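Report on one structure; see the data block that follows.
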Amino acid sequence: MGREVLKIVVMKHDCSAAVRRIGSAFEELIRILSMQIVLAPAAYTLPRGWALRIANVLALLLVILPMSGMHVYGQMRRVYGKSRLDSLHLTWGWLARPFRDFVVLKRLLYRRENPFNWRIIEKNADGINSLRESGASYIVATGHFLREAVLSISSPNVTYGHNVELSLTPPKRIRCLYDLRMHIQFGTLLKAISSGWGRDSEFVFVGSNPLPFRTLYNRLRKPGNVVFIDVDAPWRKSLAGSYKRPFAGHKSREFATGAAQLARMARCPIISCVYSLESDGAIVLEWGSPIRIACNDADSDVDVMNELIDPLELAIGERPTQYVLRIGDGRRWNSRSRRWEELTDLLVWRPS
């Protein structure tokens with residue numbers, strides 16, 4: 001009897017896993033076909049506004065699917081405490097973000113859009129202005145926000161020096177639909193960064209040879225280079241140089257301390273930048289204050305990383321549909337106090 005029950009449990013588990021794999025593959029297929037068959041031609045032939053509306057409509061397909069739509073909806077409802085309709089709207093906006101970004105990137109590559117016509121607003125720019133005027137190399141600590149704003153920081157009116165981007169490598173071997181989707185989506189981003197402004201950008205890929213740390217260190221030891229690092233990237237626990245902290249909706253996330261270590265070893269300043277897109281289409285770059293770390297002060301690496309990550313976390317709370325990574329659902333956002341809170345008792349708190 002016990003063995004039969006165990007067999008039934010195993011069979012149910014295997015069936016559930018198979019359903020999840022099929023559902024995930026189906027959603028990846030929708031994303032790939034939407035980008036290649038619909039959005040790429042729309043970006044080339046249609047006005048920007050129409051192409052973005054089509055991206056929104058295609059995202060509705062993901063909203064109604066259980067693997068993506070229902071999961072993201074539950075996350076948004078729990079984390080932001082909105083009504084059902086408002087939570088659905090947040091879900092739609094978050095799922096539509098990659099499609100909308102893809103349209104903008106393709107329009108740039110097709111030369112259907114001139115980025116020099118973008119309205120870019122810089123806030124708290126005193127610190128970054130001093131770095132620009134010095135001509136010294138420095139690090140810009142950024143996050144995974146909407147790609148249109150990410151591209152804006154490469155503008156020659158914003159970054160005066162030579163751009164150096166630390167990046168993942170798009171999948172070279174296509175072993176599954178996810179690899180194909182990332183090859184298309186992430187590859188398009190890298191092409192847009194390298195050619196969108198008509199200036200050369202250098203990419204240093206994680207896992208490259210020689211080690212990316214050494215390459216970045218050599219660039220920073222020479223004047224006129226600006227290194228961009230996404231400090232909100234998840235880090236594997238098995239790798240050295242990391243620490244844990246709560247982040248946005250995640251109770252605990254592993255982060256690399258590499259950006260702080262690099263700034264300390266290269267003896268260069270590091271500054272945070274948070275991107276956002278206003279309702280009127282203006283792109284806002286909000287700068288932090290430059291941080292300079294003594295080369296022998298290794299104990300400060302975690303404090304420096306927290307100072308860089310905190311403004312990114314705040315931006316996720318205020319503009320969740322402009323963030324492209326998973327937000328998590330183990331904490332909630334308090335819009336009144338503008339801070340993230342622990343969900344100590346989910347039975348007490350209910351979305352409004």
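Within each chain, counting starts at residue 1; across the structure tokens, chains are named A, B, ... in the order shown, with ligands numbered 1 upward in that order.
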**OP:** Excluding segment 54-68 of chain A and residues on its chain fewer than 6 positions from it, collect all residues at most 6 Å away from it, counting only C-alpha atoms, and give them as number ranges by chain.
**Re:** A: 95-96, 99-100
Keeping only C-alpha atoms, take the residues you just selected and write them out as a compact mmCIF listing (two decimals), in the first residue's frame.
# COMPACT_ATOMS: atom_id res chain seq x y z
CA LEU A 95 5.19 41.57 -18.87
CA ALA A 96 4.97 44.14 -21.67
CA PHE A 99 8.32 43.73 -25.81
CA ARG A 100 8.31 47.52 -25.58
Original post:
Which residues, written as a list of chain:residue names, have at least one atom at most 9 Å from segment 125-131 of chain A, with only C-alpha atoms counted and residues fewer than 6 positions away on the same chain left out?
Top reply: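 Listed by chain and then number, they are A:Ser137, A:Tyr138, A:Pro269, A:Ile271, A:Leu285, A:Glu286, A:Trp287, A:Gly288, A:Ser289, A:Pro290.
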Write a file of the selected residues as a PDB file, in the first residue's frame, keeping C-alpha atoms.
ATOM      1  CA  SER A 137      38.189  57.041 -15.152  1.00  0.00           C
ATOM      2  CA  TYR A 138      35.294  55.973 -12.950  1.00  0.00           C
ATOM      3  CA  PRO A 269      35.483  56.660  -7.792  1.00  0.00           C
ATOM      4  CA  ILE A 271      28.790  56.477  -8.623  1.00  0.00           C
ATOM      5  CA  LEU A 285      18.992  59.801 -14.913  1.00  0.00           C
ATOM      6  CA  GLU A 286      19.242  60.240 -11.156  1.00  0.00           C
ATOM      7  CA  TRP A 287      22.841  60.259  -9.958  1.00  0.00           C
ATOM      8  CA  GLY A 288      24.195  59.432  -6.552  1.00  0.00           C
ATOM      9  CA  SER A 289      27.270  60.982  -4.976  1.00  0.00           C
ATOM     10  CA  PRO A 290      30.727  59.743  -6.016  1.00  0.00           C
TER      11      PRO A 290
END
Name the residues in contact with Gly328 of chain A at a cut-off of 12 Å, using only C-alpha atoms, excluding same-chain residues fewer than 6 positions from it; report them as a short mmCIF file (atom, residue, chain, number, x, y, z; two decimals) with N, CA and C atoms, in the first residue's frame.
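Dumped to selection-v4.cif:
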data_model
loop_
_atom_site.label_atom_id
_atom_site.label_comp_id
_atom_site.auth_asym_id
_atom_site.auth_seq_id
_atom_site.Cartn_x
_atom_site.Cartn_y
_atom_site.Cartn_z
N HIS A 71 1.39 33.93 -12.07
CA HIS A 71 2.48 34.03 -11.10
C HIS A 71 2.85 35.49 -10.84
N VAL A 72 3.01 36.26 -11.92
CA VAL A 72 3.37 37.67 -11.75
C VAL A 72 2.23 38.43 -11.08
N TYR A 73 0.99 38.09 -11.44
CA TYR A 73 -0.15 38.74 -10.80
C TYR A 73 -0.13 38.51 -9.28
N GLY A 74 0.08 37.27 -8.86
CA GLY A 74 0.15 36.99 -7.43
C GLY A 74 1.26 37.74 -6.76
N GLN A 75 2.39 37.85 -7.43
CA GLN A 75 3.52 38.61 -6.89
C GLN A 75 3.15 40.08 -6.72
N MET A 76 2.59 40.68 -7.75
CA MET A 76 2.26 42.10 -7.70
C MET A 76 1.20 42.38 -6.64
N ARG A 77 0.22 41.51 -6.54
CA ARG A 77 -0.86 41.73 -5.57
C ARG A 77 -0.33 41.62 -4.14
N ARG A 78 0.54 40.67 -3.92
CA ARG A 78 1.07 40.50 -2.57
C ARG A 78 2.05 41.63 -2.20
N VAL A 79 2.92 42.00 -3.14
CA VAL A 79 3.98 42.95 -2.84
C VAL A 79 3.48 44.38 -2.76
N TYR A 80 2.55 44.75 -3.66
CA TYR A 80 2.16 46.15 -3.73
C TYR A 80 0.80 46.42 -3.10
N PRO A 246 18.43 41.55 2.04
CA PRO A 246 17.09 41.66 1.43
C PRO A 246 17.16 42.62 0.25
N PHE A 247 16.34 42.36 -0.74
CA PHE A 247 16.34 43.24 -1.90
C PHE A 247 14.95 43.25 -2.53
N ALA A 248 14.34 44.43 -2.58
CA ALA A 248 12.99 44.58 -3.16
C ALA A 248 12.06 43.55 -2.52
N GLY A 249 11.42 42.71 -3.32
CA GLY A 249 10.50 41.73 -2.77
C GLY A 249 11.18 40.46 -2.27
N HIS A 250 12.47 40.35 -2.43
CA HIS A 250 13.20 39.16 -2.00
C HIS A 250 13.61 39.27 -0.53
N LYS A 251 13.31 38.25 0.23
CA LYS A 251 13.76 38.24 1.63
C LYS A 251 15.28 38.19 1.73
N SER A 252 15.89 37.50 0.78
CA SER A 252 17.35 37.38 0.79
C SER A 252 17.83 37.17 -0.64
N ARG A 253 18.84 37.94 -1.03
CA ARG A 253 19.45 37.78 -2.34
C ARG A 253 20.96 37.85 -2.19
N GLU A 313 16.79 49.66 -5.28
CA GLU A 313 15.68 49.02 -4.58
C GLU A 313 14.51 49.99 -4.42
N ILE A 316 12.63 50.34 -7.72
CA ILE A 316 11.77 49.18 -8.01
C ILE A 316 10.44 49.33 -7.28
N GLY A 317 10.48 49.79 -6.05
CA GLY A 317 9.24 50.00 -5.31
C GLY A 317 8.35 51.03 -5.96
N PRO A 320 7.67 49.61 -10.54
CA PRO A 320 7.92 48.17 -10.77
C PRO A 320 7.85 47.76 -12.24
N TRP A 340 10.66 49.24 1.81
CA TRP A 340 10.28 47.83 1.78
C TRP A 340 10.17 47.29 3.19
#
**OP:** Please report, as a PyMOL selection string, each residue of segment 125-336 of chain A to which DSSP assigns helix (DSSP H, G or I) when run on this structure's backbone.
**Re:** chain A and resi 126-134+147-152+177-195+212-220+258-266+298-318+320-322
Output C-alpha atoms for every residue in the selection just made, as an mmCIF file, in the first residue's frame.
data_model
loop_
_atom_site.group_PDB
_atom_site.id
_atom_site.type_symbol
_atom_site.label_atom_id
_atom_site.label_comp_id
_atom_site.auth_asym_id
_atom_site.auth_seq_id
_atom_site.Cartn_x
_atom_site.Cartn_y
_atom_site.Cartn_z
ATOM 1 C CA ASP A 126 26.942 67.896 -9.428
ATOM 2 C CA GLY A 127 28.883 64.781 -8.548
ATOM 3 C CA ILE A 128 28.921 63.305 -12.046
ATOM 4 C CA ASN A 129 29.840 66.709 -13.506
ATOM 5 C CA SER A 130 32.945 66.822 -11.319
ATOM 6 C CA LEU A 131 33.951 63.365 -12.569
ATOM 7 C CA ARG A 132 33.377 64.367 -16.188
ATOM 8 C CA GLU A 133 35.452 67.515 -15.844
ATOM 9 C CA SER A 134 38.309 65.657 -14.162
ATOM 10 C CA ARG A 147 16.454 49.385 -21.992
ATOM 11 C CA GLU A 148 15.567 52.741 -23.508
ATOM 12 C CA ALA A 149 16.922 54.461 -20.418
ATOM 13 C CA VAL A 150 19.931 52.136 -20.287
ATOM 14 C CA LEU A 151 20.839 53.279 -23.784
ATOM 15 C CA SER A 152 20.532 56.935 -22.835
ATOM 16 C CA LEU A 177 13.835 28.014 -26.611
ATOM 17 C CA TYR A 178 15.018 30.145 -23.690
ATOM 18 C CA ASP A 179 18.519 30.293 -25.201
ATOM 19 C CA LEU A 180 17.028 31.324 -28.539
ATOM 20 C CA ARG A 181 14.928 34.033 -26.942
ATOM 21 C CA MET A 182 17.919 35.418 -25.000
ATOM 22 C CA HIS A 183 20.052 35.284 -28.148
ATOM 23 C CA ILE A 184 17.488 37.449 -29.919
ATOM 24 C CA GLN A 185 16.540 39.762 -27.079
ATOM 25 C CA PHE A 186 19.884 40.300 -25.356
ATOM 26 C CA GLY A 187 21.794 40.262 -28.613
ATOM 27 C CA THR A 188 19.596 43.079 -29.886
ATOM 28 C CA LEU A 189 20.381 45.118 -26.766
ATOM 29 C CA LEU A 190 24.141 44.736 -27.215
ATOM 30 C CA LYS A 191 23.909 45.734 -30.883
ATOM 31 C CA ALA A 192 21.868 48.822 -29.991
ATOM 32 C CA ILE A 193 24.346 49.875 -27.290
ATOM 33 C CA SER A 194 27.295 49.467 -29.644
ATOM 34 C CA SER A 195 25.775 51.310 -32.608
ATOM 35 C CA PRO A 212 37.164 40.490 -16.790
ATOM 36 C CA PHE A 213 38.394 41.938 -13.477
ATOM 37 C CA ARG A 214 41.898 42.326 -14.877
ATOM 38 C CA THR A 215 40.609 43.929 -18.081
ATOM 39 C CA LEU A 216 38.402 46.391 -16.204
ATOM 40 C CA TYR A 217 41.240 47.172 -13.786
ATOM 41 C CA ASN A 218 43.558 48.013 -16.680
ATOM 42 C CA ARG A 219 40.947 50.302 -18.231
ATOM 43 C CA LEU A 220 40.298 52.139 -14.981
ATOM 44 C CA GLY A 258 33.075 43.010 -7.245
ATOM 45 C CA ALA A 259 32.122 46.598 -8.136
ATOM 46 C CA ALA A 260 33.325 47.903 -4.760
ATOM 47 C CA GLN A 261 36.460 45.726 -4.923
ATOM 48 C CA LEU A 262 37.267 47.009 -8.400
ATOM 49 C CA ALA A 263 36.842 50.653 -7.382
ATOM 50 C CA ARG A 264 39.046 50.079 -4.337
ATOM 51 C CA MET A 265 41.807 48.231 -6.179
ATOM 52 C CA ALA A 266 41.822 50.615 -9.171
ATOM 53 C CA ALA A 298 38.372 45.984 2.259
ATOM 54 C CA ASP A 299 35.987 45.976 5.218
ATOM 55 C CA SER A 300 33.919 48.732 3.571
ATOM 56 C CA ASP A 301 33.038 46.735 0.428
ATOM 57 C CA VAL A 302 29.637 45.594 1.726
ATOM 58 C CA ASP A 303 28.731 49.087 2.988
ATOM 59 C CA VAL A 304 29.636 50.553 -0.393
ATOM 60 C CA MET A 305 27.546 47.958 -2.231
ATOM 61 C CA ASN A 306 24.559 48.678 0.001
ATOM 62 C CA GLU A 307 24.906 52.390 -0.721
ATOM 63 C CA LEU A 308 24.820 51.604 -4.450
ATOM 64 C CA ILE A 309 21.984 49.055 -4.298
ATOM 65 C CA ASP A 310 19.633 50.988 -1.969
ATOM 66 C CA PRO A 311 18.546 53.580 -4.601
ATOM 67 C CA LEU A 312 17.878 50.775 -7.111
ATOM 68 C CA GLU A 313 15.679 49.022 -4.582
ATOM 69 C CA LEU A 314 13.753 52.245 -3.972
ATOM 70 C CA ALA A 315 13.196 52.714 -7.704
ATOM 71 C CA ILE A 316 11.772 49.181 -8.012
ATOM 72 C CA GLY A 317 9.244 49.995 -5.311
ATOM 73 C CA GLU A 318 8.136 53.172 -7.022
ATOM 74 C CA PRO A 320 7.921 48.173 -10.773
ATOM 75 C CA THR A 321 6.901 48.030 -14.450
ATOM 76 C CA GLN A 322 10.217 49.650 -15.431
#
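The smallest atom-to-atom distance between Asp232 of chain A and any of A:Glu165, A:Glu28, A:Glu122, A:Glu254, using only C-alpha atoms, is found for A:Glu254.
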Subject >> Distance of atom CA of Gly281 of chain A from atom CA of Ala233 of chain A, expressed in Å to one decimal place >> reply: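 So the answer is 26.6 Å.
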**OP:** Go through segment 192-249 of chain A and collect every residue that DSSP, computed from the backbone, puts in strand (DSSP E or B); the answer should be as a PyMOL selection string.
**Re:** chain A and resi 201-205+225-230+234+242-247
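Closest approach to Ile121 of chain A from the set A:Ile139, A:Ile327, A:Ile270, A:Ile153 is made by A:Ile153, with distances taken over only C-alpha atoms.
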